[in-house]
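Structure file my_file.txt (compact mmCIF, C-alpha atoms) follows.
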```
# COMPACT_ATOMS: atom_id res chain seq x y z
CA MET B 1202 100.92 -19.84 45.68
CA ASP B 1203 100.72 -16.26 46.83
CA ALA B 1204 100.63 -14.99 50.38
CA ASP B 1205 96.86 -14.45 50.46
CA GLU B 1206 96.06 -17.92 49.16
CA SER B 1207 98.45 -19.45 51.66
CA ILE B 1208 96.78 -17.61 54.54
CA VAL B 1209 93.35 -18.86 53.50
CA MET B 1210 94.53 -22.42 53.08
CA ALA B 1211 96.47 -22.39 56.35
CA GLY B 1212 93.25 -21.32 58.06
CA ARG B 1213 91.44 -24.35 56.69
CA VAL B 1214 94.27 -26.69 57.66
CA SER B 1215 94.44 -25.18 61.15
CA ALA B 1216 90.87 -26.21 61.79
CA LEU B 1217 91.99 -29.83 61.46
CA ALA B 1218 95.30 -29.41 63.29
CA ASP B 1219 93.85 -30.45 66.62
CA PRO B 1220 93.42 -33.96 68.05
CA VAL B 1221 89.97 -33.28 69.49
CA ARG B 1222 88.70 -31.87 66.21
CA LEU B 1223 90.05 -34.84 64.28
CA ARG B 1224 88.23 -37.14 66.69
CA ILE B 1225 85.05 -35.11 66.17
CA LEU B 1226 85.34 -35.77 62.43
CA SER B 1227 85.84 -39.45 63.14
CA ILE B 1228 82.81 -39.63 65.42
CA LEU B 1229 80.64 -37.85 62.85
CA ALA B 1230 81.87 -40.07 60.04
CA GLY B 1231 81.15 -43.18 62.07
CA SER B 1232 77.66 -42.20 63.20
CA ASP B 1233 74.69 -44.17 61.92
CA ASP B 1234 72.84 -41.39 60.13
CA GLY B 1235 75.63 -38.85 59.97
CA GLU B 1236 74.28 -36.64 62.72
CA VAL B 1237 75.51 -36.29 66.26
CA CYS B 1238 74.16 -34.02 68.97
CA ALA B 1239 76.70 -31.63 70.47
CA CYS B 1240 75.84 -33.20 73.84
CA ASP B 1241 76.98 -36.61 72.61
CA PHE B 1242 80.62 -35.69 72.03
CA VAL B 1243 81.38 -35.01 75.69
CA GLU B 1244 81.72 -38.60 76.82
CA PRO B 1245 83.71 -40.08 73.95
CA LEU B 1246 86.08 -37.10 73.85
CA GLY B 1247 86.44 -36.74 77.60
CA ARG B 1248 86.05 -32.96 77.37
CA SER B 1249 83.57 -30.51 78.85
CA GLN B 1250 80.59 -29.25 76.87
CA PRO B 1251 82.05 -25.74 76.49
CA THR B 1252 85.26 -27.23 75.11
CA VAL B 1253 83.35 -29.49 72.72
CA SER B 1254 81.22 -26.56 71.58
CA HIS B 1255 84.32 -24.47 70.97
CA HIS B 1256 85.82 -27.15 68.75
CA LEU B 1257 82.56 -27.64 66.86
CA ARG B 1258 82.41 -23.91 66.26
CA VAL B 1259 85.96 -23.87 64.87
CA LEU B 1260 85.07 -26.73 62.51
CA ALA B 1261 81.84 -25.04 61.44
CA GLU B 1262 83.52 -21.70 60.78
CA ALA B 1263 86.11 -23.47 58.64
CA GLY B 1264 83.35 -25.20 56.67
CA PHE B 1265 83.90 -28.78 57.78
CA VAL B 1266 80.69 -29.33 59.74
CA GLU B 1267 77.25 -27.77 59.86
CA GLY B 1268 74.96 -27.48 62.83
CA ASP B 1269 71.19 -27.71 63.01
CA LYS B 1270 69.62 -26.25 66.14
CA ARG B 1271 66.78 -28.32 67.47
CA GLY B 1272 65.37 -27.01 70.72
CA ARG B 1273 68.09 -26.79 73.28
CA TRP B 1274 70.74 -28.67 71.35
CA VAL B 1275 72.58 -28.41 68.07
CA TRP B 1276 73.00 -31.49 65.88
CA TYR B 1277 76.10 -31.64 63.73
CA ARG B 1278 77.01 -33.37 60.51
CA LEU B 1279 80.05 -33.35 58.27
CA ARG B 1280 79.81 -31.10 55.24
CA ASP B 1281 80.11 -33.36 52.25
CA ASP B 1282 83.47 -33.26 50.52
CA SER B 1283 84.85 -30.56 52.83
CA VAL B 1284 87.77 -32.70 54.00
CA ALA B 1285 88.26 -34.26 50.58
CA ASP B 1286 88.41 -30.80 49.02
CA LEU B 1287 91.12 -29.70 51.44
CA ALA B 1288 92.99 -32.96 50.90
CA ARG B 1289 92.89 -32.41 47.15
CA ASP B 1290 94.04 -28.80 47.54
CA LEU B 1291 97.00 -29.88 49.69
CA VAL B 1292 98.06 -32.40 47.06
CA THR B 1293 97.71 -29.72 44.38
CA VAL B 1294 100.09 -27.45 46.31
CA ALA B 1295 102.60 -30.26 46.82
CA THR B 1296 102.60 -31.29 43.17
CA GLY B 1297 103.20 -27.85 41.75
CA GLY B 1298 99.63 -27.13 40.75
CA ARG B 1299 99.40 -24.01 42.89
CA MET R 1270 90.16 -42.89 66.16
CA ASP R 1271 91.67 -43.01 69.61
CA ALA R 1272 93.31 -40.18 71.49
CA ASP R 1273 96.88 -41.25 70.70
CA GLU R 1274 96.24 -41.58 66.97
CA SER R 1275 94.55 -38.19 66.93
CA ILE R 1276 97.53 -36.57 68.65
CA VAL R 1277 99.94 -38.03 66.10
CA MET R 1278 97.79 -37.00 63.15
CA ALA R 1279 97.19 -33.52 64.55
CA GLY R 1280 100.97 -33.12 64.78
CA ARG R 1281 101.32 -33.91 61.08
CA VAL R 1282 98.50 -31.57 60.13
CA SER R 1283 99.94 -28.80 62.31
CA ALA R 1284 103.12 -28.82 60.26
CA LEU R 1285 101.04 -27.71 57.26
CA ALA R 1286 98.81 -25.30 59.19
CA ASP R 1287 101.00 -22.31 58.43
CA PRO R 1288 100.97 -20.03 55.39
CA VAL R 1289 104.75 -19.82 55.12
CA ARG R 1290 105.13 -23.59 55.26
CA LEU R 1291 102.46 -24.09 52.60
CA ARG R 1292 104.34 -21.66 50.39
CA ILE R 1293 107.56 -23.60 51.04
CA LEU R 1294 105.83 -26.73 49.74
CA SER R 1295 104.66 -24.81 46.71
CA ILE R 1296 108.15 -23.46 45.98
CA LEU R 1297 109.67 -26.93 46.31
CA ALA R 1298 107.01 -28.49 44.11
CA GLY R 1299 107.57 -25.85 41.45
CA SER R 1300 111.34 -26.03 41.38
CA ASP R 1301 113.07 -27.39 38.29
CA ASP R 1302 114.84 -30.36 39.81
CA GLY R 1303 112.91 -30.56 43.06
CA GLU R 1304 115.68 -29.08 45.20
CA VAL R 1305 115.88 -25.63 46.71
CA CYS R 1306 118.62 -24.21 48.88
CA ALA R 1307 117.48 -22.92 52.25
CA CYS R 1308 119.00 -19.59 51.23
CA ASP R 1309 116.67 -19.35 48.24
CA PHE R 1310 113.44 -19.22 50.22
CA VAL R 1311 114.20 -15.89 51.87
CA GLU R 1312 113.35 -13.65 48.94
CA PRO R 1313 110.16 -15.29 47.68
CA LEU R 1314 108.76 -15.68 51.19
CA GLY R 1315 109.84 -12.27 52.44
CA ARG R 1316 111.08 -13.77 55.71
CA SER R 1317 114.47 -13.80 57.42
CA GLN R 1318 116.81 -16.79 57.12
CA PRO R 1319 116.28 -17.83 60.76
CA THR R 1320 112.51 -17.80 60.20
CA VAL R 1321 112.82 -19.78 56.98
CA SER R 1322 115.11 -22.28 58.69
CA HIS R 1323 112.65 -22.69 61.53
CA HIS R 1324 109.83 -23.49 59.13
CA LEU R 1325 111.98 -25.92 57.16
CA ARG R 1326 112.89 -27.67 60.40
CA VAL R 1327 109.22 -28.02 61.34
CA LEU R 1328 108.45 -29.51 57.94
CA ALA R 1329 111.43 -31.86 58.14
CA GLU R 1330 110.55 -33.06 61.64
CA ALA R 1331 107.02 -33.80 60.46
CA GLY R 1332 108.38 -35.76 57.52
CA PHE R 1333 107.34 -33.52 54.66
CA VAL R 1334 110.76 -32.39 53.48
CA GLU R 1335 114.31 -33.68 53.73
CA GLY R 1336 117.49 -31.65 53.84
CA ASP R 1337 120.88 -32.40 52.37
CA LYS R 1338 123.75 -30.42 53.81
CA ARG R 1339 126.25 -29.31 51.22
CA GLY R 1340 128.97 -27.12 52.64
CA ARG R 1341 127.47 -24.13 54.30
CA TRP R 1342 123.94 -24.60 53.10
CA VAL R 1343 121.19 -27.19 53.27
CA TRP R 1344 119.26 -28.12 50.14
CA TYR R 1345 115.69 -29.24 50.62
CA ARG R 1346 113.30 -31.40 48.65
CA LEU R 1347 109.79 -32.67 49.26
CA ARG R 1348 109.54 -36.19 50.60
CA ASP R 1349 107.64 -38.16 47.99
CA ASP R 1350 104.04 -38.88 48.88
CA SER R 1351 104.30 -37.24 52.31
CA VAL R 1352 101.52 -34.74 51.62
CA ALA R 1353 99.50 -37.25 49.64
CA ASP R 1354 99.72 -39.72 52.53
CA LEU R 1355 98.41 -37.14 54.97
CA ALA R 1356 95.68 -36.13 52.53
CA ARG R 1357 94.62 -39.75 52.20
CA ASP R 1358 94.66 -40.22 55.99
CA LEU R 1359 92.45 -37.15 56.48
CA VAL R 1360 89.93 -38.50 53.99
CA THR R 1361 90.02 -41.86 55.75
CA VAL R 1362 89.13 -40.19 59.05
CA ALA R 1363 86.32 -38.19 57.45
CA THR R 1364 84.78 -41.20 55.75
CA GLY R 1365 84.64 -43.42 58.81
CA GLY R 1366 87.70 -45.49 58.03
CA ARG R 1367 89.49 -44.53 61.24
```
Would you mind writing the file out in structure tokens?
Amino acid sequence: MDADESIVMAGRVSALADPVRLRILSILAGSDDGEVCACDFVEPLGRSQPTVSHHLRVLAEAGFVEGDKRGRWVWYRLRDDSVADLARDLVTVATGGR
Amino acid sequence: MDADESIVMAGRVSALADPVRLRILSILAGSDDGEVCACDFVEPLGRSQPTVSHHLRVLAEAGFVEGDKRGRWVWYRLRDDSVADLARDLVTVATGGR
């Protein structure tokens, strides 16, 4: 694994290296139709809207969630396989495949 | 996923959210007999010994590597399944299992 690859992968891992962001993934994964409004994370996470929006932005920029703006609010969903792909890549590194 | 679980998991993920530490995993996984002396990471990583030792300590405290002190130096190896376990746990979170 060269330095550039490690920097890219560390960026992806960093997006998940936060308890609030992990809980966001959990909430999204447990939602009925896979979509949750940005406004609906505030109460379960116990964080302000700006904080929630920051974390959603970090996850979106790293490719783990995607947002769909509807009127005033943005609805988020998990990007299929995004976490599984990172999980697989981590195992590849740790088994000598990269 | 409750707040406490998310804090614990984020701590594990954080240990891998660093390019040097990912490269350490890669070097360990690619070594002939699975063991690498702490002194042998300096050249491939292009970092000082204190920096390398810091990163190895972070990985050890998070359970990803274990060190065996032999004389002056510590030899490190990957802890079996440690990365795979985290990978599996991340997928569990992202598929609604936690």
Contact table chain R vs chain B, cut-off 6 Å, shortest pair per residue, all atoms listed in the file, as a tab-separated table:
```
residue	atom	partner	partner_atom	distance
R:Ser1275	CA	B:Pro1220	CA	4.5
R:Ile1276	CA	B:Pro1220	CA	4.9
R:Ala1279	CA	B:Ala1218	CA	4.7
R:Val1282	CA	B:Ala1218	CA	5.0
R:Ser1283	CA	B:Ala1218	CA	4.8
R:Ala1286	CA	B:Ala1211	CA	4.7
R:Asp1287	CA	B:Ala1211	CA	5.0
R:Pro1288	CA	B:Ser1207	CA	4.5
R:Leu1294	CA	B:Ala1295	CA	5.6
R:Ser1295	CA	B:Val1294	CA	5.3
R:Ala1298	CA	B:Gly1297	CA	4.5
R:Gly1299	CA	B:Gly1297	CA	4.8
R:Ala1353	CA	B:Val1292	CA	5.7
R:Ala1356	CA	B:Ala1288	CA	4.5
R:Val1360	CA	B:Ala1285	CA	5.7
R:Val1362	CA	B:Ser1227	CA	5.3
R:Ala1363	CA	B:Ala1230	CA	5.5
R:Thr1364	CA	B:Ala1230	CA	5.3
R:Gly1365	CA	B:Ala1230	CA	4.5
```
Original post:
What does the distance between atom CA of Arg1271 of chain B and atom CA of Arg1248 of chain B come to in Å, to one decimal place?
Top reply: 22.2 Å
**OP:** Would you work out the distance separating atom CA of Val1259 of chain B from atom CA of Gly1332 of chain R, expressed in Å to one decimal?
**Re:**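 So the answer is 26.4 Å.
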Original post:
If you measure from atom CA of Glu1330 of chain R to atom CA of Glu1312 of chain R, what distance in Å do you get, rounded to one decimal?
Top reply: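 These two atoms are separated by 23.4 Å.
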Original post:
Near Glu1335 of chain R, within 6 Å and counting only C-alpha atoms, which residues show up once chain neighbours fewer than 3 positions away are dropped, as a list in words?
Top reply: Ala1329, Tyr1345 and Arg1346 of chain R
Subject >> Polymer residues at most 12 Å from Pro1251 of chain B, all atoms listed in the file, same-chain spacing of 5 or more positions, as a PyMOL selection string >> reply: chain B and resi 1239-1240+1242-1243+1256-1258
